[in-house]
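Reviewing the structure listed below.
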Amino acid sequence: MIVYHGSDHIIEMPIYNGSRKTNDYGYGFYTTENPELAKEWACAKNVDGFSNSYEADLTGLSILNLNAPEYNILNWLAILTRYRTYWQKTSISEEAKNYLQQHFFIDPDPYDVIIGYRADDSYFSFAQDFVANTISLSKLSEAMHLGKLGEQIVFKSSKSFTRIKFIDAEPAYASTYYEKKNARDMAAQRAYRSTKSSSDNINDLFMIDIMREGIRNGDPRLQ
């Protein structure tokens, strides 16, 4: 497969454990199959960058695909609460984070590759709202599809790094892609505000319901 990594510089040889631990899934090399998204990520700080392209061979690697049917959005969220910082400091948020990590956390470290959502700023705020009991599970699931965020493919293990072969680096100009990122982000935020203000169904699950009822993996209401 061909994957792309957005950066402010050319990366011919990704460095194992060279990223920040506070990324979505901890240490790893974060890529996408969408070159346009990679260019947006490269220009996220309003500076010019590059979309680095790689040939990746995943044959025989251990892959955790969080978007596969056997997992649910709470598995993704539990991992996010472990690694990402700056969560809201309300009492229910702290309880929710603990509950998610106790009952839905899947340790990504034993896997070679992780596939799942990318928590850009807006999407991280959507997740925060759910953990703080502000929105329902159904609205969180809907919000994660706003703005065509797409999946990210994260190379975690030293073995997976040997399967990445640099192809090329294409310039990404902030004058174009910073604006594109902002436009996509603003569109997602507008759609989210509309979704958030809509009426909830009496059967919708909130974080506090999940905790009170002791809901775990495998519960059909989570699919």
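Chain labels A, B, ... are given in the sequence in which chains occur in the structure tokens; within each chain residues are numbered consecutively from 1, and ligands are likewise numbered from 1 in the order shown.
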Can you check which parts of stretch 100-187 of chain A lie within 12 Å of stretch 50-62 of chain A? Per residue, the shortest pair of atoms and distance in Å to one decimal, counting only C-alpha atoms, sorted by chain and number, as a tab-separated table.
```
residue	atom	partner	partner_atom	distance
A:Pro108	CA	A:Ser62	CA	10.4
A:Asp109	CA	A:Ser62	CA	10.7
A:Pro110	CA	A:Ser62	CA	8.2
A:Tyr111	CA	A:Ser62	CA	5.3
A:Asp112	CA	A:Ser62	CA	5.1
A:Val113	CA	A:Ser62	CA	6.4
A:Ile114	CA	A:Ser62	CA	8.8
A:Ile115	CA	A:Ser62	CA	11.1
A:Ile153	CA	A:Ala56	CA	10.5
A:Val154	CA	A:Ala56	CA	11.3
A:Phe155	CA	A:Leu58	CA	9.8
A:Lys156	CA	A:Ser62	CA	10.1
A:Ser157	CA	A:Leu61	CA	9.5
A:Ser158	CA	A:Leu61	CA	11.2
A:Lys159	CA	A:Leu61	CA	8.2
A:Ser160	CA	A:Leu61	CA	7.1
A:Phe161	CA	A:Ala56	CA	9.0
A:Thr162	CA	A:Ala56	CA	9.1
A:Arg163	CA	A:Asp57	CA	5.4
A:Ile164	CA	A:Ala56	CA	4.7
A:Lys165	CA	A:Glu55	CA	5.1
A:Phe166	CA	A:Tyr54	CA	4.5
A:Ile167	CA	A:Tyr54	CA	5.1
A:Asp168	CA	A:Ser53	CA	5.4
A:Ala169	CA	A:Asn52	CA	4.3
A:Glu170	CA	A:Ser51	CA	5.2
A:Pro171	CA	A:Phe50	CA	4.5
A:Ala172	CA	A:Phe50	CA	5.0
A:Tyr173	CA	A:Phe50	CA	8.1
A:Ala174	CA	A:Phe50	CA	10.1
A:Tyr177	CA	A:Phe50	CA	10.8
```
Please save N, CA and C atoms of the selected residues as a compact mmCIF listing (two decimals), in the first residue's frame.
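Listing of result19.txt after writing:
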```txt
# COMPACT_ATOMS: atom_id res chain seq x y z
N PRO A 108 -2.20 -0.68 22.65
CA PRO A 108 -1.70 -0.72 21.26
C PRO A 108 -0.26 -1.19 21.13
N ASP A 109 0.48 -1.20 22.23
CA ASP A 109 1.91 -1.48 22.15
C ASP A 109 2.26 -2.87 21.59
N PRO A 110 1.49 -3.93 21.88
CA PRO A 110 1.86 -5.24 21.31
C PRO A 110 1.65 -5.35 19.80
N TYR A 111 0.96 -4.39 19.20
CA TYR A 111 0.65 -4.46 17.78
C TYR A 111 1.72 -3.76 16.95
N ASP A 112 1.87 -4.24 15.72
CA ASP A 112 2.81 -3.60 14.79
C ASP A 112 2.21 -2.33 14.17
N VAL A 113 0.92 -2.38 13.88
CA VAL A 113 0.25 -1.29 13.17
C VAL A 113 -1.13 -1.05 13.80
N ILE A 114 -1.50 0.23 13.94
CA ILE A 114 -2.83 0.62 14.43
C ILE A 114 -3.54 1.39 13.33
N ILE A 115 -4.81 1.06 13.10
CA ILE A 115 -5.65 1.80 12.16
C ILE A 115 -6.83 2.36 12.94
N ILE A 153 -3.07 5.49 9.69
CA ILE A 153 -2.37 4.21 9.82
C ILE A 153 -1.07 4.50 10.56
N VAL A 154 -0.92 3.88 11.72
CA VAL A 154 0.20 4.19 12.61
C VAL A 154 1.13 2.99 12.71
N PHE A 155 2.37 3.20 12.37
CA PHE A 155 3.38 2.15 12.48
C PHE A 155 3.99 2.23 13.88
N LYS A 156 3.82 1.15 14.66
CA LYS A 156 4.18 1.18 16.08
C LYS A 156 5.48 0.45 16.40
N SER A 157 5.65 -0.73 15.86
CA SER A 157 6.76 -1.59 16.27
C SER A 157 8.01 -1.34 15.42
N SER A 158 9.16 -1.75 15.95
CA SER A 158 10.40 -1.64 15.17
C SER A 158 10.31 -2.50 13.91
N LYS A 159 9.60 -3.63 14.00
CA LYS A 159 9.43 -4.50 12.84
C LYS A 159 8.66 -3.76 11.73
N SER A 160 7.62 -3.03 12.10
CA SER A 160 6.82 -2.33 11.09
C SER A 160 7.64 -1.24 10.39
N PHE A 161 8.61 -0.65 11.10
CA PHE A 161 9.42 0.40 10.49
C PHE A 161 10.31 -0.14 9.37
N THR A 162 10.61 -1.43 9.44
CA THR A 162 11.43 -2.04 8.38
C THR A 162 10.61 -2.27 7.11
N ARG A 163 9.29 -2.10 7.21
CA ARG A 163 8.41 -2.34 6.06
C ARG A 163 8.04 -1.05 5.33
N ILE A 164 8.64 0.07 5.73
CA ILE A 164 8.33 1.35 5.12
C ILE A 164 9.48 1.77 4.21
N LYS A 165 9.17 2.02 2.95
CA LYS A 165 10.20 2.42 1.98
C LYS A 165 9.83 3.78 1.39
N PHE A 166 10.71 4.74 1.59
CA PHE A 166 10.48 6.10 1.10
C PHE A 166 10.40 6.13 -0.43
N ILE A 167 9.41 6.87 -0.93
CA ILE A 167 9.26 7.03 -2.39
C ILE A 167 9.64 8.43 -2.83
N ASP A 168 8.96 9.43 -2.21
CA ASP A 168 9.13 10.80 -2.69
C ASP A 168 8.55 11.75 -1.66
N ALA A 169 8.80 13.04 -1.85
CA ALA A 169 8.21 14.08 -1.01
C ALA A 169 7.69 15.18 -1.91
N GLU A 170 6.42 15.49 -1.76
CA GLU A 170 5.80 16.53 -2.59
C GLU A 170 5.53 17.76 -1.73
N PRO A 171 5.91 18.94 -2.21
CA PRO A 171 5.70 20.15 -1.41
C PRO A 171 4.22 20.39 -1.11
N ALA A 172 3.97 20.92 0.08
CA ALA A 172 2.62 21.33 0.49
C ALA A 172 2.71 22.78 0.94
N TYR A 173 1.93 23.64 0.33
CA TYR A 173 2.04 25.07 0.59
C TYR A 173 0.94 25.52 1.54
N ALA A 174 1.36 26.21 2.58
CA ALA A 174 0.42 26.64 3.62
C ALA A 174 -0.66 27.56 3.05
N TYR A 177 -3.01 24.71 1.79
CA TYR A 177 -3.45 23.60 2.62
C TYR A 177 -3.76 23.98 4.07
```
Note to self: Neighbouring residues of A:Ile73 were defined as those with any atom within 9 Å, considering only C-alpha atoms; residues of the same chain fewer than 3 positions away were excluded. Please report them as a ChimeraX atom specification.
What the structure shows: /A:66-67,76-78,137,140-141,222-223
Can you write just those residues out, C-alpha atoms, as a PDB file, in the first residue's frame?
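Dumped to result11.pdb:
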```
ATOM      1  CA  LEU A  66     -10.197  -0.006  15.601  1.00  0.00           C
ATOM      2  CA  ASN A  67     -12.743   0.565  12.831  1.00  0.00           C
ATOM      3  CA  TRP A  76     -10.774   4.186  20.378  1.00  0.00           C
ATOM      4  CA  LEU A  77     -11.793   6.677  23.054  1.00  0.00           C
ATOM      5  CA  ALA A  78     -10.198   4.642  25.839  1.00  0.00           C
ATOM      6  CA  LEU A 137     -22.812   8.155  22.162  1.00  0.00           C
ATOM      7  CA  LEU A 140     -20.259  11.288  19.116  1.00  0.00           C
ATOM      8  CA  SER A 141     -20.351   8.536  16.481  1.00  0.00           C
ATOM      9  CA  LEU A 222     -22.498   0.100  21.473  1.00  0.00           C
ATOM     10  CA  GLN A 223     -22.559  -0.976  17.807  1.00  0.00           C
TER      11      GLN A 223
END
```
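Close contacts of A:Leu205, defined as residues with an atom at most 10 Å away when counting only C-alpha atoms, with chain neighbours fewer than 5 positions off set aside, comprise Asn133, Ile135, Ser136, Leu137, Ser138, Lys139, Asp200, Ile210, Arg221 and Leu222 of chain A.
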Check: DSSP says helix (DSSP H, G or I) for which residues of stretch 122-216 of chain A? Put them as a PyMOL selection string?
Finding: chain A and resi 122-131+137-143+158-161+174-197+207-212
Check: Can you list every residue in stretch 1-192 of chain A that DSSP puts in strand (DSSP E or B), as a VMD selection string?
Finding: chain A and resid 2 to 7 29 to 32 49 to 56 63 to 65 113 to 117 151 to 155 164 to 172
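Counting from atom CA of A:Ser175, the distance to atom CA of A:Asn34 is 19.3 Å.
Nearest to A:Arg212 of all the residues A:Val131, A:Ala191, A:Ala183, A:Tyr99 is A:Tyr99, based on only C-alpha atoms.
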Check: Any idea what's packed within 7 Å of A:Phe104, counting only C-alpha atoms, ignoring anything in its chain fewer than 4 positions away? Could you give it as number ranges by chain?
Finding: A: 74-75, 78, 100, 217
Selection from above, N, CA and C atoms, as a short mmCIF file (atom, residue, chain, number, x, y, z; two decimals), in the first residue's frame, can you write it?
```
data_model
loop_
_atom_site.label_atom_id
_atom_site.label_comp_id
_atom_site.auth_asym_id
_atom_site.auth_seq_id
_atom_site.Cartn_x
_atom_site.Cartn_y
_atom_site.Cartn_z
N LEU A 74 -15.80 3.33 21.73
CA LEU A 74 -15.28 3.47 23.08
C LEU A 74 -13.89 2.85 23.22
N ASN A 75 -13.58 1.86 22.40
CA ASN A 75 -12.22 1.31 22.40
C ASN A 75 -11.23 2.37 21.92
N ALA A 78 -10.98 5.07 24.68
CA ALA A 78 -10.20 4.64 25.84
C ALA A 78 -8.71 4.82 25.59
N LEU A 100 -13.46 4.08 31.15
CA LEU A 100 -13.11 3.70 29.79
C LEU A 100 -11.82 2.89 29.76
N ASN A 217 -17.65 -4.08 26.75
CA ASN A 217 -17.50 -4.53 25.36
C ASN A 217 -18.46 -5.66 25.06
#
```
Next item on the list: Quick one: everything within 6 Å of stretch 9-20 of chain A, counting only C-alpha atoms, minus sequence neighbours fewer than 3 positions away in the same chain. Send it as a ChimeraX atom specification.
Entry: /A:23,27-28,49,166
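Counting from atom CA of A:Tyr30, the distance to atom CA of A:Asp185 is 19.5 Å.
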Note to self: Please list as an MDAnalysis selection string every residue within 9 Å of A:Gln128, counting only C-alpha atoms and excluding residues in the same chain fewer than 4 positions away.
What the structure shows: chainID A and resid 87:88 93 123:124 132:134
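The space separating atom CA of A:Ile208 from atom CA of A:Leu64 comes to 27.6 Å.
Residue nearest A:Phe206 within the list A:Lys180, A:Lys89, A:Phe29, A:Asp129: A:Asp129 [criterion: smallest interatomic distance, only C-alpha atoms].
Nearest to A:Arg84 of all the residues A:Ala96, A:Ile106, A:Ala127, A:Met207 is A:Ala127, counting only C-alpha atoms.
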Checklist line | Within 12 Å of A:Asn182 using only C-alpha atoms, minus same-chain residues under 3 positions, as a list in words | finding: Leu37, Glu40, Trp41, Cys43, Ala44, Lys45, Asn46, Asp120, Asp121, Ser122, Gly147, Ala174, Ser175, Thr176, Tyr177, Tyr178, Glu179, Asp185, Met186, Ala187, Ala188 and Gln189 of chain A
